[in-house]
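A.B. asks: My structure is in coords.txt, and what it holds is compact mmCIF, C-alpha atoms:
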```
# COMPACT_ATOMS: atom_id res chain seq x y z
CA MET V 1 5.95 -5.13 22.80
CA LEU V 2 2.58 -6.36 24.07
CA PHE V 3 3.74 -9.97 23.97
CA LEU V 4 6.82 -9.07 26.02
CA LEU V 5 4.65 -7.16 28.51
CA LEU V 6 2.28 -10.13 28.75
CA LEU V 7 5.18 -12.46 29.54
CA SER V 8 6.49 -9.93 32.08
CA ALA V 9 3.11 -9.78 33.81
CA PHE V 10 2.95 -13.58 34.00
CA ALA V 11 6.48 -13.71 35.45
CA ASP V 12 5.64 -11.01 37.99
CA LEU V 13 2.47 -12.80 39.08
CA LYS V 14 4.14 -16.21 39.30
CA THR V 15 7.54 -15.38 40.81
CA ASP V 16 7.11 -11.83 42.18
CA ARG V 17 9.86 -10.61 39.86
CA ILE V 18 10.67 -10.07 36.18
CA PRO V 19 13.93 -11.72 35.07
CA ASN V 20 16.70 -9.30 34.07
CA GLY V 21 17.71 -11.40 31.07
CA PHE V 22 14.19 -11.23 29.74
CA LEU V 23 14.05 -7.44 30.18
CA LEU V 24 17.43 -7.06 28.48
CA LEU V 25 16.28 -9.20 25.55
CA GLY V 26 13.09 -7.15 25.28
CA THR V 27 15.07 -3.91 25.33
CA LEU V 28 17.38 -5.18 22.59
CA ILE V 29 14.37 -6.18 20.49
CA GLY V 30 12.89 -2.71 21.05
CA LEU V 31 16.15 -1.01 20.11
CA GLY V 32 16.53 -3.10 16.98
CA GLY V 33 12.94 -2.56 15.90
CA SER V 34 13.11 1.16 16.61
CA LEU V 35 16.32 1.61 14.65
CA TYR V 36 14.93 -0.48 11.79
CA SER V 37 11.78 1.66 11.68
CA GLY V 38 13.85 4.85 11.43
CA ARG V 39 13.91 6.18 14.99
CA GLN V 40 17.06 8.09 15.79
CA VAL V 41 19.41 6.88 18.51
CA LEU V 42 18.99 10.18 20.38
CA GLU V 43 15.20 9.81 20.37
CA ILE V 44 15.49 6.29 21.79
CA ALA V 45 17.99 7.48 24.42
CA VAL V 46 15.59 10.27 25.45
CA SER V 47 12.71 7.81 25.93
CA VAL V 48 14.79 5.35 27.93
CA SER V 49 16.42 8.11 30.01
CA LEU V 50 13.05 9.72 30.72
CA ALA V 51 11.71 6.43 32.05
CA PHE V 52 14.74 6.07 34.31
CA LEU V 53 14.70 9.67 35.59
CA LEU V 54 10.98 9.58 36.41
CA LEU V 55 10.88 6.15 38.04
CA TYR V 56 14.23 5.74 39.78
CA PRO V 57 13.23 8.01 42.71
CA LEU V 58 10.12 5.87 43.23
CA TYR V 59 12.33 2.77 43.26
CA LYS V 60 14.68 4.37 45.81
CA ILE V 61 11.85 4.89 48.31
CA GLY V 62 10.39 1.43 47.69
CA ALA V 63 7.25 2.55 45.85
CA LEU V 64 8.25 0.54 42.76
CA GLY V 65 10.33 -2.55 42.27
CA ALA V 66 13.46 -2.61 40.14
CA GLY V 67 11.68 -4.81 37.60
CA ASP V 68 8.96 -2.19 37.18
CA VAL V 69 11.55 0.49 36.40
CA LYS V 70 13.35 -1.79 33.95
CA LEU V 71 10.02 -2.67 32.33
CA PHE V 72 9.56 1.01 31.47
CA LEU V 73 13.13 1.21 30.18
CA MET V 74 12.14 -1.60 27.82
CA ILE V 75 9.00 0.29 26.78
CA GLY V 76 11.15 3.37 26.13
CA SER V 77 13.20 1.34 23.66
CA PHE V 78 9.99 0.71 21.68
CA CYS V 79 8.14 4.04 22.07
CA ALA V 80 8.70 7.75 21.66
CA ALA V 81 8.82 9.78 24.86
CA LYS V 82 5.24 11.03 24.43
CA GLU V 83 3.90 7.48 24.08
CA LEU V 84 5.96 6.37 27.07
CA LEU V 85 4.48 9.14 29.22
CA ILE V 86 0.93 8.21 28.16
CA ILE V 87 1.52 4.55 28.99
CA LEU V 88 3.18 5.52 32.29
CA ALA V 89 0.27 7.77 33.32
CA GLY V 90 -2.23 5.10 32.32
CA ALA V 91 -0.35 2.47 34.32
CA PHE V 92 -0.43 4.62 37.44
CA VAL V 93 -4.16 5.28 37.07
CA ILE V 94 -4.88 1.59 36.50
CA GLY V 95 -2.55 0.70 39.38
CA ALA V 96 -4.47 3.10 41.63
CA VAL V 97 -7.74 1.39 40.67
CA PHE V 98 -6.16 -2.01 41.41
CA SER V 99 -4.99 -0.69 44.78
CA VAL V 100 -8.43 0.61 45.73
CA VAL V 101 -10.02 -2.71 44.74
CA LYS V 102 -7.41 -4.54 46.81
CA LEU V 103 -8.01 -2.26 49.81
CA LEU V 104 -11.74 -2.97 49.58
CA ALA V 105 -11.23 -6.71 49.14
CA GLU V 106 -8.76 -6.93 52.04
CA HIS V 107 -10.81 -4.59 54.27
CA ASN V 108 -7.61 -2.87 55.38
CA GLY V 109 -8.05 0.67 54.07
CA ARG V 110 -7.88 2.28 57.51
CA GLU V 111 -4.76 0.28 58.41
CA ARG V 112 -3.05 1.19 55.10
CA MET V 113 -3.93 4.90 55.43
CA TYR V 114 -2.57 4.92 58.99
CA TYR V 115 0.65 3.27 57.79
CA PHE V 116 0.98 5.73 54.87
CA PHE V 117 0.48 8.82 57.03
CA SER V 118 2.83 7.44 59.70
CA TYR V 119 5.41 6.95 56.94
CA LEU V 120 4.97 10.53 55.70
CA SER V 121 5.15 11.84 59.26
CA GLU V 122 8.40 9.96 59.88
CA VAL V 123 9.92 11.26 56.64
CA MET V 124 8.94 14.84 57.50
CA ARG V 125 10.14 14.51 61.09
CA SER V 126 13.50 12.99 60.18
CA GLY V 127 14.04 14.92 56.95
CA HIS V 128 15.19 11.69 55.29
CA TRP V 129 13.44 9.33 52.93
CA LYS V 130 13.22 5.74 54.01
CA ILE V 131 12.10 2.70 52.07
CA TYR V 132 8.32 2.49 52.14
CA GLY V 133 7.17 -0.82 53.58
CA GLU V 134 10.65 -2.07 54.52
CA ASP V 135 9.40 -3.16 57.92
CA LEU V 136 6.65 -5.22 56.23
CA VAL V 137 9.05 -7.29 54.11
CA GLU V 138 9.95 -9.43 57.11
CA ASP V 139 6.28 -10.46 57.43
CA TYR V 140 5.77 -11.93 53.94
CA ARG V 141 2.04 -12.49 54.41
CA THR V 142 1.42 -8.83 55.29
CA TYR V 143 3.82 -7.67 52.58
CA HIS V 144 2.11 -9.77 49.91
CA LYS V 145 -1.37 -8.78 51.11
CA ASN V 146 -0.52 -5.10 50.59
CA LYS V 147 1.27 -5.43 47.24
CA ILE V 148 0.03 -5.16 43.69
CA HIS V 149 1.94 -6.58 40.73
CA PHE V 150 2.55 -3.40 38.74
CA ALA V 151 3.45 -5.27 35.53
CA LEU V 152 -0.27 -5.97 35.08
CA PRO V 153 -1.36 -2.28 35.05
CA VAL V 154 1.58 -1.59 32.71
CA LEU V 155 0.34 -4.30 30.33
CA PHE V 156 -3.24 -2.99 30.44
CA SER V 157 -2.11 0.60 29.89
CA ALA V 158 0.06 -0.31 26.89
CA ALA V 159 -2.73 -2.42 25.39
CA MET V 160 -5.22 0.42 25.87
CA ARG V 161 -2.79 2.90 24.27
CA ILE V 162 -2.12 0.68 21.29
CA GLY V 163 -5.85 0.05 20.99
CA GLY V 164 -6.55 3.78 20.98
CA LEU V 165 -8.47 3.83 24.27
CA ILE V 166 -6.06 6.23 25.99
```
Would you mind writing the file's structure down as structure tokens?
C.D. replies:
Amino acid sequence: MLFLLLLSAFADLKTDRIPNGFLLLGTLIGLGGSLYSGRQVLEIAVSVSLAFLLLYPLYKIGALGAGDVKLFLMIGSFCAAKELLIILAGAFVIGAVFSVVKLLAEHNGRERMYYFFSYLSEVMRSGHWKIYGEDLVEDYRTYHKNKIHFALPVLFSAAMRIGGLI
């Protein structure tokens, strides 16, 4: 699993996406290995479904990319639900640290906080969710400056979990 996550992180850093075929292959490897090691189909389905149910809403509002959600579906094919949740929580904590470091490096914390609170205000005013950052996508430089590649925190979290650090 770590090797697949490492390749996913490299793909995300290089191309800004994780290929679907690669994620499908990783999921099939996870399913095969899990079944071979004695995991029940229902247990695997619970892990994969849990990943989808928790992360799909974040994808719908633009907080996560589709590849990030599919990456956790792949992890669910390898891990029990408890392990998936630990890796997920670790990835969000590590991602938050990455984001703070990026805010400090880019010196745009005030600008990002203003954008975030304007977004929340608009959602509350309209009563409808909108895609976070959709207006920034047109300006690729600004979009890229404010983005972290979440596959990297996922890799670090999984490695730390397997290594017994979390």
A.B. asks: Please put the answer as JSON: centre and edge lengths, in Å with one decimal, of a box along x, y and z that encloses all listed atoms of segment 85-92 of chain V plus 6 Å on each side.
C.D. replies:
```
{"center_x": 1.1, "center_y": 5.8, "center_z": 32.8, "size_x": 18.7, "size_y": 18.7, "size_z": 21.3}
```
A.B. asks: So which one's closest to Leu85 of chain V, V:Leu71, V:Met1, V:Val123, V:Leu50? Using only C-alpha atoms, please.
C.D. replies: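 The answer is V:Leu50, which sits nearest to Leu85 of chain V.
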A.B. asks: Tell me, as an mmCIF file with C-alpha atoms, in the coordinates of the input, which residues lie within 9 Å of Tyr56 of chain V, counting all atoms listed in the file; anything in the same chain fewer than 6 positions away does not count.
C.D. replies:
```cif
data_model
loop_
_atom_site.group_PDB
_atom_site.id
_atom_site.type_symbol
_atom_site.label_atom_id
_atom_site.label_comp_id
_atom_site.auth_asym_id
_atom_site.auth_seq_id
_atom_site.Cartn_x
_atom_site.Cartn_y
_atom_site.Cartn_z
ATOM 1 C CA LEU V 64 8.250 0.540 42.760
ATOM 2 C CA ALA V 66 13.460 -2.610 40.140
ATOM 3 C CA VAL V 69 11.550 0.490 36.400
#
```
A.B. asks: Nearest to Lys102 of chain V: which of V:Glu122, V:Gly67, V:Leu88, V:Ile148 is it, counting only C-alpha atoms?
C.D. replies: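 Ranking V:Glu122, V:Gly67, V:Leu88, V:Ile148 by distance to Lys102 of chain V, first place goes to V:Ile148.
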A.B. asks: To one decimal place, how far is atom CA of Gly109 of chain V from atom CA of Leu58 of chain V in Å?
C.D. replies: 21.8 Å
A.B. asks: Which is closest to Ala81 of chain V among V:Val101, V:Leu25, V:Ile44, V:Ile166, if we use only C-alpha atoms?
C.D. replies: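 Looking at the shortest contact to Ala81 of chain V, the residue is V:Ile44.
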A.B. asks: List the neighbours of Gly26 of chain V out to 9 Å using only C-alpha atoms; skip same-chain residues closer than 3 positions along the sequence, and give me the result as a list in words.
C.D. replies: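 Those residues are Met1, Leu4, Gly21, Phe22, Leu23, Ile29, Gly30, Leu31, Leu71, Met74, Ile75 and Ser77 of chain V.
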A.B. asks: For a test of reading the model, state the distance in Å between atom CA of Asp12 of chain V and atom CA of Gly65 of chain V, rounded to one decimal.
C.D. replies: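 Between atom CA of Asp12 of chain V and atom CA of Gly65 of chain V the gap works out to 10.6 Å.
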A.B. asks: Of the candidates V:Pro153, V:Gly163, V:Gly32, V:Gly38, which one gets nearest to Ser99 of chain V if we count all atoms listed in the file?
C.D. replies: V:Pro153
A.B. asks: Which distance in Å separates atom CA of Arg17 of chain V and atom CA of Leu120 of chain V, to one decimal?
C.D. replies: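 Separation between atom CA of Arg17 of chain V and atom CA of Leu120 of chain V: 26.9 Å.
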A.B. asks: Restricting the calculation to only C-alpha atoms: of V:Ile131, V:Pro57, V:Leu42, V:Lys147, which residue gets closest to Arg112 of chain V?
C.D. replies: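 Checking each of V:Ile131, V:Pro57, V:Leu42, V:Lys147 against Arg112 of chain V, counting only C-alpha atoms, the winner is V:Lys147.
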A.B. asks: Using all atoms listed in the file, which of the listed residues (V:Ala45, V:Leu104, V:Leu54, V:Ile94) sits closest to Ala80 of chain V?
C.D. replies: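 Comparing V:Ala45, V:Leu104, V:Leu54, V:Ile94 against Ala80 of chain V, the winner is V:Ala45.
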A.B. asks: Any idea what's packed within 10 Å of Gly33 of chain V, counting all atoms listed in the file, ignoring anything in its chain fewer than 6 positions away? Could you give it as a list in words?
C.D. replies: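 Final neighbour list, sorted by chain and number: Thr27, Arg39, Ser77 and Phe78 of chain V.
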A.B. asks: Can you pull out the residues contacting Asp16 of chain V? Cut-off 12 Å, using all atoms listed in the file, and skip same-chain residues under 5 positions away; I want them as a PyMOL selection string.
C.D. replies: chain V and resi 8-11+65-68+140+143-144+147-152
